[in-house]
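See below for the structure under consideration.
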Number of protein chains: 2
Amino acid sequence: MTVAVASRRHAIADDLRSQITAGRIKPGERLLSEARLAAHYAVSTPTLRNALALLQAEGLVEKIHGKGNYARQPLSRKTYFGGGHTPASTPLPVSIRTKRLQARGHLATLLRVAAGSPLTEFLCLSHEGRSPHSLARIYVPRDLATAATPSASCWPQEVASLLAEPVPQLAKVEESIHARLPTSSEAATLRISPTLAILAITRVATDTNGREIEAALLTLPADRAEATFTTKHTTAERRPEG
Amino acid sequence: MTVAVASRRHAIADDLRSQITAGRIKPGERLLSEARLAAHYAVSTPTLRNALALLQAEGLVEKIHGKGNYARQPLSRKTYFGGGHTPASTPLPVSIRTKRLQARGHLATLLRVAAGSPLTEFLCLSHEGRSPHSLARIYVPRDLATAATPSASCWPQEVASLLAEPVPQLAKVEESIHARLPTSSEAATLRISPTLAILAITRVATDTNGREIEAALLTLPADRAEATFTTKHTTAERRPEG
DNA sequence: CAGTGGTCTAGACCACGAA
DNA sequence: TCGTGGTCTAGACCACTGT
């Protein structure tokens, strides 16, 4: 009992999807060219491209201009644990680029520093195999950042591991989460479709003196990441706050 | 100094976007028909529709088949506060539909009950003006749900307010968050584009006896919602866990 | 019924990648 | 250079909404 399909592009997408998930098209393998696929399914090229766009938004297909459409290596699903906790699973290798810059509008607000204050940016890109997995941009007031590039490698999660050795006492972590489509530059670095949703986490950590010591912008593609927060209530504090 | 535009559809989308955000096209107002817009911008209809699709994915335009394209009433941005805390801002009116059902696979796992166990579903749809804002499906073991439909109205946040009067002690709230595109049924109830990302939150609350007392599936469209989690660290517990 | 959006066609031409 | 995907055209025909 098959479900009636609304449109040809969905039917084609369903067919290709099942071929990929069933392994008849292997991860990393190139699909037939769009012209051939269009001929095979007896549709026009725009219709076929429309079908591929659906799979692209699911992260199942990666298009490379001038080369072809590739079945995506299904990246393992990683969980980001909120509240400054370390991940339970094996971390991914991360490449880090360090840059010095000055606080601009949004960043200055997050870290509550004056515009123009010196910051250090750590641009962290985690990888799984040869594909980029996710992206983190971590901003730290310059005086808290060690000059040496940290060797810490885990997936975008390194709360204070990038900070100067005498790590300030971490008092509060505030994480704001929203879903959006990637910017074109994010889509390019992560090699994802501009239609694949991402989980964007803005994390601000504060030390015991109330000083913001870190602002992190995490970019987690929806097909390979989720975030989990666990809140424990002691019986005493269990009352709604005003 | 204008930035060079990659394609016509982006140029058209940019033009229409600025008209909407500048208020020259007012919220709720109908745009010209696609045929007229295509003529106005001197492009073909597919190209014009492509431009509208971009705005649709941003939540700026709502298409209604047979009627036209409408500038979206910009819905106020709401923040979901994690960890079972109540929202600070004014809650939105919520309509609630109650249904009895039996636990199936995923739901049974979340609530750790046997398949077939009786549950009560609260289908909560919050509104802002006449537009639906966000959606929550809350599942509670039947014996914990009061027969009376709760009058509690706030935006998808009513942790235990839907439960039987002698509220069990809430011990733990676990919230798992991911970004995805809406299912077609979610897109229909929320009247959003299938290309507008949503924040999907799966919340499981546990009482002091370790019993799961609530599973909630929250569907928060990305253009109007974000989630915030605040974690406080006492100086004692500030050590990474294994 | 007329007007609207939804889907699709059969091409054209451009831009990119590898040889 | 050739094959690939990226963009666009100028229609056709169908489905939905309101009169």
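We name chains A, B, ... following the order of the structure tokens; residues begin at 1 in each chain, and ligands are numbered from 1 as shown.
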Check every residue of chain D for an atom within 9 Å of chain B, counting only C-alpha atoms (C1' of nucleotides), and provide those that qualify as a VMD selection string. chain D and resid 7 to 10 15 to 18
Can I get the selection written as an mmCIF file, in the first residue's frame, with C-alpha atoms (C1' of nucleotides)?
data_model
loop_
_atom_site.group_PDB
_atom_site.id
_atom_site.type_symbol
_atom_site.label_atom_id
_atom_site.label_comp_id
_atom_site.auth_asym_id
_atom_site.auth_seq_id
_atom_site.Cartn_x
_atom_site.Cartn_y
_atom_site.Cartn_z
ATOM 1 C "C1'" DT D 7 20.392 30.215 -13.990
ATOM 2 C "C1'" DC D 8 16.789 31.594 -16.798
ATOM 3 C "C1'" DT D 9 12.984 31.754 -20.425
ATOM 4 C "C1'" DA D 10 8.243 31.508 -22.329
ATOM 5 C "C1'" DA D 15 -5.659 23.091 -8.595
ATOM 6 C "C1'" DC D 16 -7.518 26.273 -5.458
ATOM 7 C "C1'" DT D 17 -10.337 30.570 -4.075
ATOM 8 C "C1'" DG D 18 -13.787 33.714 -4.512
#
For chain C versus chain B, which residues have an atom no more than 10 Å away, and what is each residue's nearest atom pair and distance in Å rounded to one decimal, using only C-alpha atoms (C1' of nucleotides), chain-then-number order, as a tab-separated table?
residue	atom	partner	partner_atom	distance
C:DG3	C1'	B:Gly66	CA	7.8
C:DT4	C1'	B:Gly66	CA	4.2
C:DG5	C1'	B:His65	CA	4.9
C:DG6	C1'	B:His65	CA	7.9
Save the residues we just selected, C-alpha atoms (C1' of nucleotides), as a PDB file, in the first residue's frame?
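Generated output (part-v2.pdb):
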ATOM      1  C1'  DG C   3      -7.821  35.164 -11.061  1.00  0.00           C
ATOM      2  C1'  DT C   4      -4.551  33.169  -8.373  1.00  0.00           C
ATOM      3  C1'  DG C   5      -0.650  30.075  -7.230  1.00  0.00           C
ATOM      4  C1'  DG C   6       1.508  24.948  -8.249  1.00  0.00           C
TER       5       DG C   6
END
What is the distance, in Å and to one decimal place, between atom CA of Ala53 of chain B and atom CA of Val94 of chain B? 29.5 Å
Give chain A as a short mmCIF file (atom, residue, chain, number, x, y, z; two decimals) with C-alpha atoms, in the first residue's frame once it has been least-squares superposed onto chain B over every C-alpha atom, paired in order.
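The result, stored in out-v6.cif:
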data_model
loop_
_atom_site.label_atom_id
_atom_site.label_comp_id
_atom_site.auth_asym_id
_atom_site.auth_seq_id
_atom_site.Cartn_x
_atom_site.Cartn_y
_atom_site.Cartn_z
CA MET A 1 28.44 51.06 -2.67
CA THR A 2 26.04 48.23 -3.40
CA VAL A 3 27.11 44.64 -3.32
CA ALA A 4 27.02 42.84 -6.64
CA VAL A 5 24.10 40.42 -6.70
CA ALA A 6 24.63 36.84 -7.75
CA SER A 7 21.34 36.25 -9.47
CA ARG A 8 18.15 37.94 -10.46
CA ARG A 9 16.08 36.13 -7.93
CA HIS A 10 18.29 37.46 -5.16
CA ALA A 11 18.02 40.97 -6.52
CA ILE A 12 14.24 40.70 -6.63
CA ALA A 13 14.12 39.12 -3.18
CA ASP A 14 16.30 41.93 -1.85
CA ASP A 15 14.02 44.54 -3.34
CA LEU A 16 10.84 42.99 -2.00
CA ARG A 17 12.45 42.34 1.36
CA SER A 18 13.41 45.96 1.76
CA GLN A 19 9.92 47.03 0.75
CA ILE A 20 8.46 44.82 3.46
CA THR A 21 10.89 45.65 6.22
CA ALA A 22 10.69 49.36 5.39
CA GLY A 23 6.93 49.17 5.68
CA ARG A 24 6.17 50.18 2.11
CA ILE A 25 4.37 46.86 1.95
CA LYS A 26 2.48 46.57 5.20
CA PRO A 27 2.13 43.37 7.22
CA GLY A 28 -0.85 41.35 6.12
CA GLU A 29 -1.00 43.18 2.83
CA ARG A 30 -1.25 41.21 -0.38
CA LEU A 31 1.58 41.50 -2.87
CA LEU A 32 0.93 41.93 -6.55
CA SER A 33 0.16 38.69 -8.32
CA GLU A 34 3.13 36.65 -9.44
CA ALA A 35 2.35 37.39 -13.06
CA ARG A 36 2.33 41.14 -12.41
CA LEU A 37 5.47 41.01 -10.34
CA ALA A 38 7.19 38.98 -13.05
CA ALA A 39 6.19 41.61 -15.60
CA HIS A 40 7.32 44.41 -13.29
CA TYR A 41 10.76 42.91 -12.79
CA ALA A 42 10.89 41.70 -16.39
CA VAL A 43 11.59 38.09 -15.50
CA SER A 44 9.82 34.84 -16.16
CA THR A 45 7.37 33.43 -13.65
CA PRO A 46 9.64 30.62 -12.42
CA THR A 47 12.35 33.18 -11.64
CA LEU A 48 9.94 35.38 -9.77
CA ARG A 49 8.57 32.40 -7.85
CA ASN A 50 12.12 31.48 -6.99
CA ALA A 51 12.61 34.94 -5.51
CA LEU A 52 9.45 34.59 -3.44
CA ALA A 53 10.65 31.20 -2.24
CA LEU A 54 13.65 32.91 -0.65
CA LEU A 55 11.42 35.31 1.24
CA GLN A 56 9.14 32.47 2.20
CA ALA A 57 12.04 30.59 3.77
CA GLU A 58 12.74 33.70 5.82
CA GLY A 59 9.17 33.82 7.00
CA LEU A 60 8.61 37.20 5.37
CA VAL A 61 6.02 36.06 2.86
CA GLU A 62 3.15 33.66 3.18
CA LYS A 63 1.74 32.09 0.04
CA ILE A 64 -1.89 31.10 -0.07
CA HIS A 65 -2.87 29.00 -3.01
CA GLY A 66 -5.56 30.65 -5.08
CA LYS A 67 -5.39 33.88 -3.12
CA GLY A 68 -1.96 35.40 -3.38
CA ASN A 69 1.27 36.22 -1.59
CA TYR A 70 1.00 38.10 1.66
CA ALA A 71 3.56 40.05 3.63
CA ARG A 72 3.79 38.29 6.92
CA GLN A 73 2.71 39.87 10.09
CA PRO A 74 6.09 39.86 11.84
CA LEU A 75 5.40 37.77 14.89
CA SER A 76 7.09 38.81 18.06
CA ARG A 77 10.15 36.85 18.97
CA LYS A 78 9.52 34.63 21.96
CA THR A 79 12.10 33.00 24.11
CA TYR A 80 11.64 29.55 25.47
CA PHE A 81 13.37 29.18 28.80
CA GLY A 82 14.74 25.76 29.43
CA GLY A 83 14.93 23.83 32.67
CA GLY A 84 11.28 24.16 33.61
CA HIS A 85 11.39 27.87 34.29
CA THR A 86 8.49 30.11 33.54
CA PRO A 87 8.78 32.75 30.87
CA ALA A 88 9.36 36.32 31.90
CA SER A 89 7.40 37.88 29.08
CA THR A 90 3.67 37.93 28.52
CA PRO A 91 2.38 34.53 27.49
CA LEU A 92 0.38 34.06 24.35
CA PRO A 93 -3.15 32.69 24.28
CA VAL A 94 -3.21 28.96 23.69
CA SER A 95 -5.90 26.69 22.37
CA ILE A 96 -5.71 23.15 23.66
CA ARG A 97 -7.16 19.96 22.25
CA THR A 98 -7.10 16.86 24.37
CA LYS A 99 -6.91 13.35 22.98
CA ARG A 100 -6.55 9.94 24.53
CA LEU A 101 -4.19 7.54 22.91
CA GLN A 102 -1.89 4.65 23.56
CA ALA A 103 1.87 4.86 23.72
CA ARG A 104 3.55 3.89 20.47
CA GLY A 105 7.24 3.34 19.77
CA HIS A 106 9.04 6.60 20.18
CA LEU A 107 6.67 8.01 22.76
CA ALA A 108 6.73 4.82 24.80
CA THR A 109 10.52 5.00 24.86
CA LEU A 110 10.56 8.62 25.97
CA LEU A 111 8.13 8.02 28.81
CA ARG A 112 9.55 4.56 29.54
CA VAL A 113 6.18 2.91 29.52
CA ALA A 114 5.07 -0.27 27.81
CA ALA A 115 3.66 0.03 24.32
CA GLY A 116 -0.08 0.35 24.57
CA SER A 117 -0.05 2.25 27.87
CA PRO A 118 -2.79 4.85 28.08
CA LEU A 119 -1.66 8.41 27.55
CA THR A 120 -3.32 11.76 27.29
CA GLU A 121 -2.20 14.12 24.58
CA PHE A 122 -2.54 17.86 24.94
CA LEU A 123 -2.22 19.53 21.59
CA CYS A 124 -1.45 23.16 22.32
CA LEU A 125 -1.40 25.82 19.67
CA SER A 126 -0.41 29.30 20.73
CA HIS A 127 -1.62 32.28 18.76
CA GLU A 128 -0.56 35.81 18.22
CA GLY A 129 -3.40 37.75 16.73
CA ARG A 130 -4.98 35.44 14.18
CA SER A 131 -1.79 33.67 13.19
CA PRO A 132 -0.66 30.52 14.90
CA HIS A 133 2.64 31.05 16.67
CA SER A 134 3.92 27.72 17.84
CA LEU A 135 2.89 24.22 18.61
CA ALA A 136 3.34 21.87 21.52
CA ARG A 137 2.30 18.27 21.86
CA ILE A 138 2.41 17.16 25.45
CA TYR A 139 2.02 13.54 26.47
CA VAL A 140 1.24 12.51 30.00
CA PRO A 141 0.48 9.09 31.45
CA ARG A 142 -3.30 8.90 31.70
CA ASP A 143 -3.37 8.51 35.46
CA LEU A 144 -1.52 11.78 35.92
CA ALA A 145 -3.75 13.85 33.66
CA THR A 146 -6.82 15.51 35.00
CA ALA A 147 -9.95 14.81 33.05
CA ALA A 148 -10.79 18.49 32.79
CA THR A 149 -9.10 20.37 29.99
CA PRO A 150 -6.72 22.72 31.71
CA SER A 151 -7.35 26.39 31.26
CA ALA A 152 -3.70 27.19 31.70
CA SER A 153 -2.71 29.52 28.95
CA CYS A 154 0.82 30.40 28.31
CA TRP A 155 3.02 29.69 25.43
CA PRO A 156 4.31 26.12 25.02
CA GLN A 157 5.94 26.08 28.36
CA GLU A 158 3.39 24.69 30.73
CA VAL A 159 5.60 22.10 32.35
CA ALA A 160 3.45 20.66 35.03
CA SER A 161 0.50 23.00 34.81
CA LEU A 162 -1.35 20.37 32.84
CA LEU A 163 -0.85 17.65 35.34
CA ALA A 164 -3.16 16.48 38.07
CA GLU A 165 -3.48 18.84 40.99
CA PRO A 166 -1.19 17.11 43.44
CA VAL A 167 1.72 17.83 41.14
CA PRO A 168 4.43 15.25 41.51
CA GLN A 169 7.76 16.56 42.61
CA LEU A 170 9.69 17.54 39.51
CA ALA A 171 13.23 16.24 39.81
CA LYS A 172 14.76 16.40 36.37
CA VAL A 173 14.00 17.99 33.06
CA GLU A 174 15.86 16.80 30.02
CA GLU A 175 15.54 18.81 26.86
CA SER A 176 16.84 17.64 23.55
CA ILE A 177 16.93 20.17 20.79
CA HIS A 178 17.36 19.92 17.11
CA ALA A 179 16.74 22.00 14.05
CA ARG A 180 14.81 20.66 11.12
CA LEU A 181 12.29 21.58 8.50
CA PRO A 182 8.66 21.17 9.51
CA THR A 183 6.67 18.13 8.49
CA SER A 184 3.93 18.97 6.06
CA SER A 185 1.32 18.68 8.79
CA GLU A 186 3.27 21.01 11.07
CA ALA A 187 3.69 23.46 8.22
CA ALA A 188 -0.04 23.34 7.64
CA THR A 189 -1.12 23.89 11.25
CA LEU A 190 1.42 26.63 11.81
CA ARG A 191 0.81 28.10 8.36
CA ILE A 192 4.51 28.35 7.65
CA SER A 193 6.55 27.57 4.60
CA PRO A 194 7.94 24.03 4.44
CA THR A 195 11.33 25.67 3.97
CA LEU A 196 11.24 27.68 7.18
CA ALA A 197 13.39 25.93 9.74
CA ILE A 198 11.98 25.08 13.14
CA LEU A 199 13.48 24.48 16.54
CA ALA A 200 12.24 21.11 17.74
CA ILE A 201 12.49 20.53 21.47
CA THR A 202 11.81 17.18 23.05
CA ARG A 203 11.33 17.64 26.75
CA VAL A 204 11.06 14.82 29.25
CA ALA A 205 10.32 15.57 32.87
CA THR A 206 10.98 13.10 35.65
CA ASP A 207 9.68 13.16 39.19
CA THR A 208 11.58 12.39 42.36
CA ASN A 209 10.72 8.72 42.07
CA GLY A 210 12.42 8.55 38.72
CA ARG A 211 9.17 8.21 36.87
CA GLU A 212 8.72 10.07 33.58
CA ILE A 213 5.71 12.27 34.06
CA GLU A 214 5.69 14.24 30.86
CA ALA A 215 7.03 14.15 27.33
CA ALA A 216 6.60 17.29 25.27
CA LEU A 217 7.31 17.82 21.61
CA LEU A 218 7.65 21.53 20.96
CA THR A 219 7.66 22.97 17.48
CA LEU A 220 9.01 26.51 17.43
CA PRO A 221 9.34 28.20 14.03
CA ALA A 222 12.76 29.76 13.64
CA ASP A 223 11.48 33.18 12.65
CA ARG A 224 9.76 33.75 15.97
CA ALA A 225 11.39 31.68 18.66
CA GLU A 226 14.62 30.88 20.34
CA ALA A 227 15.52 28.88 23.41
CA THR A 228 17.72 29.92 26.30
CA PHE A 229 19.36 27.81 28.94
CA THR A 230 21.14 29.21 31.92
CA THR A 231 23.42 27.00 33.94
CA LYS A 232 24.83 28.16 37.22
CA HIS A 233 27.91 26.50 38.57
CA THR A 234 28.60 26.51 42.25
CA THR A 235 32.32 26.84 42.82
CA ALA A 236 32.39 23.41 44.42
CA GLU A 237 31.01 21.39 41.51
CA ARG A 238 33.12 23.16 38.92
CA ARG A 239 35.00 20.20 37.58
CA PRO A 240 34.57 18.40 34.29
CA GLU A 241 32.65 15.21 34.74
CA GLY A 242 33.74 11.93 33.21
#
List every residue of segment 4-234 of chain A that DSSP, applied to the backbone, labels as strand (DSSP E or B), and write the result as a count of residues only. 85
